[in-house]
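> I have a structure here, written as structure tokens, and I will follow up with some questions on it.
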Amino acid sequence: MNGAIELDGLEVQFGARTILRDLRASLTGKSIGLLGPNGAGKTTLLHTLLGFHPPKSGTARIFGHDIRTQSRELRALCGYMPENDAYIAGISAVRLVRLMAEISGLPSRPALERAHEVLYYVGLGEARYRKIESYSLGMKQMAKLAQAIVHGPKLLVLDEPTNGLDPPHRRRMIRLIQEIRDRGEVTLLLSSHLLRDVEECCDEVLILKAGRIVQHCDLEAERRANRRFIEVETHTEVEEFATAIGRLGCEYAIVGARRIKLVLPEGIDMRDLYRIAAEKEIQIRRLDYRRDSLQDIFLQAME
Amino acid sequence: MNAAGTIVFNDVSKFYGEILGVNRVSLSIPPGITSLVGPNGSGKTTLMNLITGLLWPNDGSISVLGVSPRDAESLFRLVGYATQIDAFPRGARGRDFVVSYLRVHGYANDEAQRRADAALARLGLTEAGSRRIAGYSKGMRQRVKLAQAMAHDPRVLVLDEPLNGLDPLVRAEIIALLREWVDQGRHVIVSSHILHEVDLISDQVVLLNEGYVVAEGDIRGVRSEMRRHPLQVLIRCRQPGMLAARIFELDTVVEVKLHVDGGGLLVATRDPDRFYLSLNRIAVDHDLGLETVCPADDDVDAVYRYLIGGEEGS
Amino acid sequence: MAVYEKSYRGYDGARTDPRWRFMTLPRYAFERVFASRLFGGFFALCFVCPVVVALWIYLPHNLKFLQTFGIEPAQVAEFFRFDGLFFLSWYMKPQLFMSFLVAMIIGPSLIADDLRNNALPLYFSRPFSRAEYVLGKSAVLITLLSLVTWIPGSILFLLQASLGGWSWLSGNWRVGVGILVGSWIWIVLLCLLSLALSAHLRWKPLAHAAMFGVFFVAAMVAGVLNFILRTDWGSLIDIGEMTTVVWASLFGVSRETTVPAAAAWLALFCVAAACLALLSRRLKAYEVVRS
């Protein structure tokens with residue numbers, strides 16, 4: 001089945017340097033995360049898909065359109081939120097978003113209406129009439145998101161959307177991204193250094209290293225597969241608890257002052273853990289499936 | 001804790017003309033990793049500049065391991081600072097940048113070179129050290145700033161958003177590096193916006209808002225002191241209704257909310273210790289299909305939300 | 001009764017014709033240009049010269065007016081010789097200066113604002129090409145410059161043609177050509193120059209200064225070179241001078257040309273080509289930083 005994005009032997013060079021080599025993958029998810037160390041080529045991949053660079057060889061298809069021959073049609077379907085500051089000096093957010101909407105093809109009146117709609121949606125209130133230079137970082141990021149979604153794209157490309165945001169703004173940005181994803185009308189392609197961001201927003205992950213794909217996995221499937229891997233945090237006496245569950249037949253490892261990672265063998269379930277806790281009067285403060293599967297996947301991919 | 005081992009702020013205020021930097025801040029920072037958390041403009045950078053002696057307070061006194069920041073020479077030996085903003089000399093190469101700082105500290109040339117090499121190696125910049133900083137990626141620039149801060153082996157490391165722009169691998173490496181550093185009894189003061197990371201790495205946290213300290217200490221301690229907000233625990237299980245009924249029978253619980261998806265509930269309790277022990281009993285006595293139990297607001301993120309709050313829109 | 005939650009909504013409505021989308025840029029730019037009353041006032045000044053020339057043209061054909069001053073037409077015939085030289089000296093050259101000022105004021109703000117804060121990726125991630133971008137940005141300048149050069153100029157030419165009759169027209173048709181073609185050459189040159197300069201110098205005051213420098217400082221240097229080397233070829237770098245030479249060739253006016261017309265054409269062509277090259281290098285969605 002053809003995915004939203006198909007990479008077909010994509011190769012990109014800058015001058016003599018090969019940045020992306022022979023990328024082949026079929027990305028079918030609704031929300032695709034792009035991870036990798038600095039210099040792996042994430043931003044280059046995004047730029048190539050958007051048509052900023054021509055590939056040296058190979059190609060890619062987005063919604064069936066070839067990036068080499070149908071770049072213009074593709075760009076009508078894409079919305080891009082760049083990593084760095086990106087705005088026009090001396091104008092307000094409303095004006096910028098209107099202008100971008102009209103360049104994307106919206107007629108004048110709908111452009112104005114949509115601009116206000118998306119600015120309201122991202123949470124820029126009265127500030128939308130002020131010049132963008134006067135905005136805080138959080139507000140600039142929101143304005144960037146607004147211009148990326150104003151024309152109703154089918155593919156939303158986000159490059160480090162939570163860069164530099166303080167916690168409330170970061171939470172807001174993540175919430176907006178999740179909402180947009182959940183509406184189901186847009187496919188997301190998100191590149192980030194923060195595993196947490198990708199974990200919260202994406203269901204499929206592509207990991208690049210030195211211009212190649214080193215891992216491509218379905219996060220949903222990973223999460224479902226990890227059901228036997230448990231993390232427990234006790235209040236005290238972690239050793240005692242650990243030894244007791246060891247006797248039950250669980251493999252375990254103590255990480256940190258109070259945390260245990262364990263694998264539930266067949267026939268043992270949570271209730272048995274609680275039996276031990278009740279017996280020993282130990283508080284189980286946290287009991288959860290392994291949350292850091294993405295971190296493991298990433299670290300493994302980097303080896 | 002004796003003065004020689006802590007960083008002490010004694011009723012410190014700093015104003016920039018009329019604008020508030022920090023107002024009447026009193027802190028006592030022990031060794032370990034201390035994270036400064038707060039919105040932009042809350043005073044984090046002001047505090048860091050005060051510790052490193054780049055700013056002098058309008059009021060109050062500061063003592064860094066017994067040394068006053070006014071004693072510039074001794075202070076600079078003690079403290080290493082990596083700023084948030086990139087400010088490199090034009091055309092500088094990585095290695096030269098670190099070496100020049102060491103020379104300013106008074107190290108002889110070969111000693112400076114040796115230390116610079118060691119610092120760069122620790123941060124994985126040995127190969128890149130000979131290139132111009134202008135060509136560095138963001139992550140490399142962050143690392144060279146760190147190298148410069150650490151090269152003279154300070155007892156106090158002050159880092160303003162050090163992990164900004166770094167990929168997960170390098171983040172993990174630097175966090176391990178900082179852990180190693182404090183295990184030798186040093187101070188590391190970090191400011192960060194990535195709260196779950198703060199949770200993982202910090203020994204204590206200082207929360208700032210609009211120039212005031214709103215909380216400080218180890219995060220679990222801080223949380224348990226916030227009595228106005230009973231601890232919230234999220235429990236997912238197959239029989240939430242039955243669990244709720246049993247939980248209501250406990251007198252330690254003040255509120256139980258059933259989750260919208262019917263797969264769990266949110267419990268608010270004023271006495272976590274007794275609650276958890278009671279939960280053991282309930283779990284053993286009934287077949288509830290317990291899946292997960294986790295504190296919903298036991299972390300920096302929740303404390304931040306309660307004490308500092310909201311998202312601004314405009 | 002209903003509760004309306006704000007949530008993301010796609011757009012499925014009508015879209016504009018892609019061929020004319022670049023006109024969005026001039027529409028937005030014009031609003032800003034004439035928001036400044038200072039510029040509005042200055043722009044009005046640019047029409048002083050055409051109006052004066054129009055009156056001057058009208059005067060000899062209104063004998064009664066002259067006679068009230070007791071002036072006989074024959075006496076002042078030489079003041080009213082409307083030939084190529086007249087149009088060149090009294091219309092084209094003053095307006096060359098005024099139009100240059102317009103370009104110097106408006107030009108730099110066209111692109112500099114976009115480049116300063118990295119707005120180009122926002123444009124080029126849309127179905128919008130670099131050519132459309134340049135065209136859109138130039139449209140403002142082209143319109144304003146046209147209003148200052150060939151539009152009034154053509155009106156003056158037609159005025160004189162209608163007053164002077166077929167006899168004048170058959171002898172001076174080259175003036176019309178000169179006005180049109182000459183103006184357009186100048187317009188294209190000014191556009192390319194101001195766009196190229198503001199693409200490279202992202203700071204507006206610097207771009208203003210650079211435009212000033214390229215014309216006036218170069219002119220001074222040309223003068224100095226000519227003096228020192230006792231030649232006329234130094235004028236090749238004086239863009240204003242080269243344009244005047246080209247105009248002279250178009251108008252069919254023989255004057256002391258400093259350099260041959262062909263050389264002047266070539267010089268201007270080189271400047272335009274250089275500007276285009278500079279522009280195409282700078283106007284990229286994303287610049288690769290060489291380490």
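Order determines the names: the first chain of the structure tokens is A, the second B, and so forth; residues in each chain are numbered 1 upward, and ligands are numbered 1 upward as they are shown.
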If the cut-off is 7 Å, can you tell me the residues of chain A near chain B, counting only C-alpha atoms? I'd like them as an MDAnalysis selection string.

chainID A and resid 36:38 123:127 166:169 193:195 270:271 274:275 277:278 281:288

> For C-alpha atoms, I'd like the residues from the last selection saved as an mmCIF file, in the first residue's frame.


data_model
loop_
_atom_site.group_PDB
_atom_site.id
_atom_site.type_symbol
_atom_site.label_atom_id
_atom_site.label_comp_id
_atom_site.auth_asym_id
_atom_site.auth_seq_id
_atom_site.Cartn_x
_atom_site.Cartn_y
_atom_site.Cartn_z
ATOM 1 C CA GLY A 36 18.705 11.613 14.204
ATOM 2 C CA PRO A 37 21.901 13.158 15.455
ATOM 3 C CA ASN A 38 23.047 16.557 14.275
ATOM 4 C CA GLY A 123 -3.860 31.480 20.775
ATOM 5 C CA LEU A 124 -2.527 34.798 19.535
ATOM 6 C CA GLY A 125 -5.080 37.286 20.753
ATOM 7 C CA GLU A 126 -4.658 41.016 20.599
ATOM 8 C CA ALA A 127 -0.995 40.533 19.875
ATOM 9 C CA ASP A 166 9.195 27.456 27.945
ATOM 10 C CA PRO A 167 7.058 24.702 29.482
ATOM 11 C CA PRO A 168 3.596 26.221 29.136
ATOM 12 C CA HIS A 169 4.207 27.159 25.513
ATOM 13 C CA HIS A 193 15.761 16.512 18.922
ATOM 14 C CA LEU A 194 13.424 15.847 21.797
ATOM 15 C CA LEU A 195 12.396 12.213 21.913
ATOM 16 C CA MET A 270 0.233 -7.261 38.432
ATOM 17 C CA ARG A 271 -1.816 -8.720 41.239
ATOM 18 C CA TYR A 274 0.721 -6.307 44.791
ATOM 19 C CA ARG A 275 0.559 -9.414 46.917
ATOM 20 C CA ALA A 277 3.836 -5.344 48.305
ATOM 21 C CA ALA A 278 0.965 -5.937 50.713
ATOM 22 C CA GLU A 281 4.030 -3.249 53.560
ATOM 23 C CA ILE A 282 5.861 -1.630 50.663
ATOM 24 C CA GLN A 283 4.226 1.230 48.777
ATOM 25 C CA ILE A 284 4.162 0.903 45.021
ATOM 26 C CA ARG A 285 4.288 4.525 43.973
ATOM 27 C CA ARG A 286 4.447 3.839 40.284
ATOM 28 C CA LEU A 287 3.573 0.839 38.174
ATOM 29 C CA ASP A 288 3.708 1.306 34.465
#

> Please, which residues of chain A lie no more than 9 Å from chain C when the count uses only C-alpha atoms, and can they be set out as a VMD selection string?

chain A and resid 14 47 50 to 53 71 to 82 84 to 90 95 99 to 100 102 to 107 110 114 117 to 118 120 to 121 144 147 to 154 176 179 to 180 183 185 to 186

> Find the residue from B:Gly80, B:Ile201, B:Val188, B:Thr252 that sits nearest to Ala149 of chain B; use only C-alpha atoms when measuring.

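Answer, going by the shortest atom-to-atom distance: B:Gly80.
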
> From the list B:Val8, B:Leu146, B:Val222, B:Ala128, which residue is nearest chain C when using only C-alpha atoms?

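Using only C-alpha atoms, the shortest distance to chain C belongs to B:Ala128.
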
> Write down, as JSON, numbers by chain, each residue of chain B that has any atom within 10 Å of an atom of chain C, counting only C-alpha atoms.

{"B": [131, 132, 133, 134, 135, 136, 137]}

> Rounded to one decimal in Å, what is the spacing between atom CA of Ile155 of chain C and atom CA of Ile179 of chain C?

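Separation of atom CA of Ile155 of chain C and atom CA of Ile179 of chain C: 10.3 Å.
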
> Extract, using only C-alpha atoms, all DNA, RNA and protein residues at most 10 Å from Leu250 of chain C, discarding same-chain residues fewer than 5 positions from it, and format them as a PyMOL selection string.

chain C and resi 84+174-182+244-245+261

> Can you pull out every residue from segment 73-163 of chain A that DSSP, working from the backbone, puts in alpha helix (DSSP H), and format the result as a PDB file with C-alpha atoms, in the first residue's frame?


ATOM      1  CA  GLU A  73       1.526  20.914  -7.066  1.00  0.00           C
ATOM      2  CA  LEU A  74       3.163  19.435  -3.993  1.00  0.00           C
ATOM      3  CA  ARG A  75       3.973  22.767  -2.511  1.00  0.00           C
ATOM      4  CA  ALA A  76       0.326  23.676  -2.792  1.00  0.00           C
ATOM      5  CA  LEU A  77      -0.388  20.750  -0.489  1.00  0.00           C
ATOM      6  CA  ALA A  93       1.037  38.519  12.362  1.00  0.00           C
ATOM      7  CA  VAL A  94      -2.317  39.069  10.696  1.00  0.00           C
ATOM      8  CA  ARG A  95      -0.687  40.668   7.698  1.00  0.00           C
ATOM      9  CA  LEU A  96       1.931  37.962   7.387  1.00  0.00           C
ATOM     10  CA  VAL A  97      -0.551  35.118   7.612  1.00  0.00           C
ATOM     11  CA  ARG A  98      -2.909  36.860   5.170  1.00  0.00           C
ATOM     12  CA  LEU A  99      -0.107  37.395   2.697  1.00  0.00           C
ATOM     13  CA  MET A 100       0.991  33.795   2.914  1.00  0.00           C
ATOM     14  CA  ALA A 101      -2.576  32.601   2.558  1.00  0.00           C
ATOM     15  CA  GLU A 102      -3.041  34.654  -0.597  1.00  0.00           C
ATOM     16  CA  ILE A 103       0.211  33.408  -2.062  1.00  0.00           C
ATOM     17  CA  SER A 108      -8.552  38.001  -0.479  1.00  0.00           C
ATOM     18  CA  ARG A 109     -11.599  37.754   1.754  1.00  0.00           C
ATOM     19  CA  PRO A 110     -11.223  34.097   2.753  1.00  0.00           C
ATOM     20  CA  ALA A 111      -7.518  34.758   3.356  1.00  0.00           C
ATOM     21  CA  LEU A 112      -8.357  37.406   5.923  1.00  0.00           C
ATOM     22  CA  GLU A 113     -10.973  35.210   7.545  1.00  0.00           C
ATOM     23  CA  ARG A 114      -8.730  32.168   7.686  1.00  0.00           C
ATOM     24  CA  ALA A 115      -5.834  34.238   9.011  1.00  0.00           C
ATOM     25  CA  HIS A 116      -7.897  35.346  11.961  1.00  0.00           C
ATOM     26  CA  GLU A 117      -9.240  31.852  12.437  1.00  0.00           C
ATOM     27  CA  VAL A 118      -5.848  30.195  12.692  1.00  0.00           C
ATOM     28  CA  LEU A 119      -4.425  32.990  14.808  1.00  0.00           C
ATOM     29  CA  TYR A 120      -7.284  32.496  17.230  1.00  0.00           C
ATOM     30  CA  TYR A 121      -6.700  28.764  17.137  1.00  0.00           C
ATOM     31  CA  VAL A 122      -3.019  29.039  18.037  1.00  0.00           C
ATOM     32  CA  LEU A 137       9.702  33.425  21.255  1.00  0.00           C
ATOM     33  CA  GLY A 138       6.571  31.465  22.083  1.00  0.00           C
ATOM     34  CA  MET A 139       4.418  33.864  20.130  1.00  0.00           C
ATOM     35  CA  LYS A 140       6.743  33.819  17.139  1.00  0.00           C
ATOM     36  CA  GLN A 141       6.538  30.042  17.053  1.00  0.00           C
ATOM     37  CA  MET A 142       2.766  30.233  17.148  1.00  0.00           C
ATOM     38  CA  ALA A 143       2.755  32.723  14.301  1.00  0.00           C
ATOM     39  CA  LYS A 144       4.968  30.341  12.344  1.00  0.00           C
ATOM     40  CA  LEU A 145       2.546  27.515  12.967  1.00  0.00           C
ATOM     41  CA  ALA A 146      -0.366  29.716  11.943  1.00  0.00           C
ATOM     42  CA  GLN A 147       1.146  30.539   8.558  1.00  0.00           C
ATOM     43  CA  ALA A 148       1.847  26.843   8.022  1.00  0.00           C
ATOM     44  CA  ILE A 149      -1.756  25.780   8.500  1.00  0.00           C
TER      45      ILE A 149
END

> Between atom CA of Met104 of chain C and atom CA of Met211 of chain C, what distance in Å does the model show, to one decimal?

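Between atom CA of Met104 of chain C and atom CA of Met211 of chain C the gap works out to 6.1 Å.
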
> What gap, in Å, lies between atom CA of Ile239 of chain C and atom CA of Leu279 of chain C?

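Taking atom CA of Ile239 of chain C and atom CA of Leu279 of chain C, their separation equals 18.9 Å.
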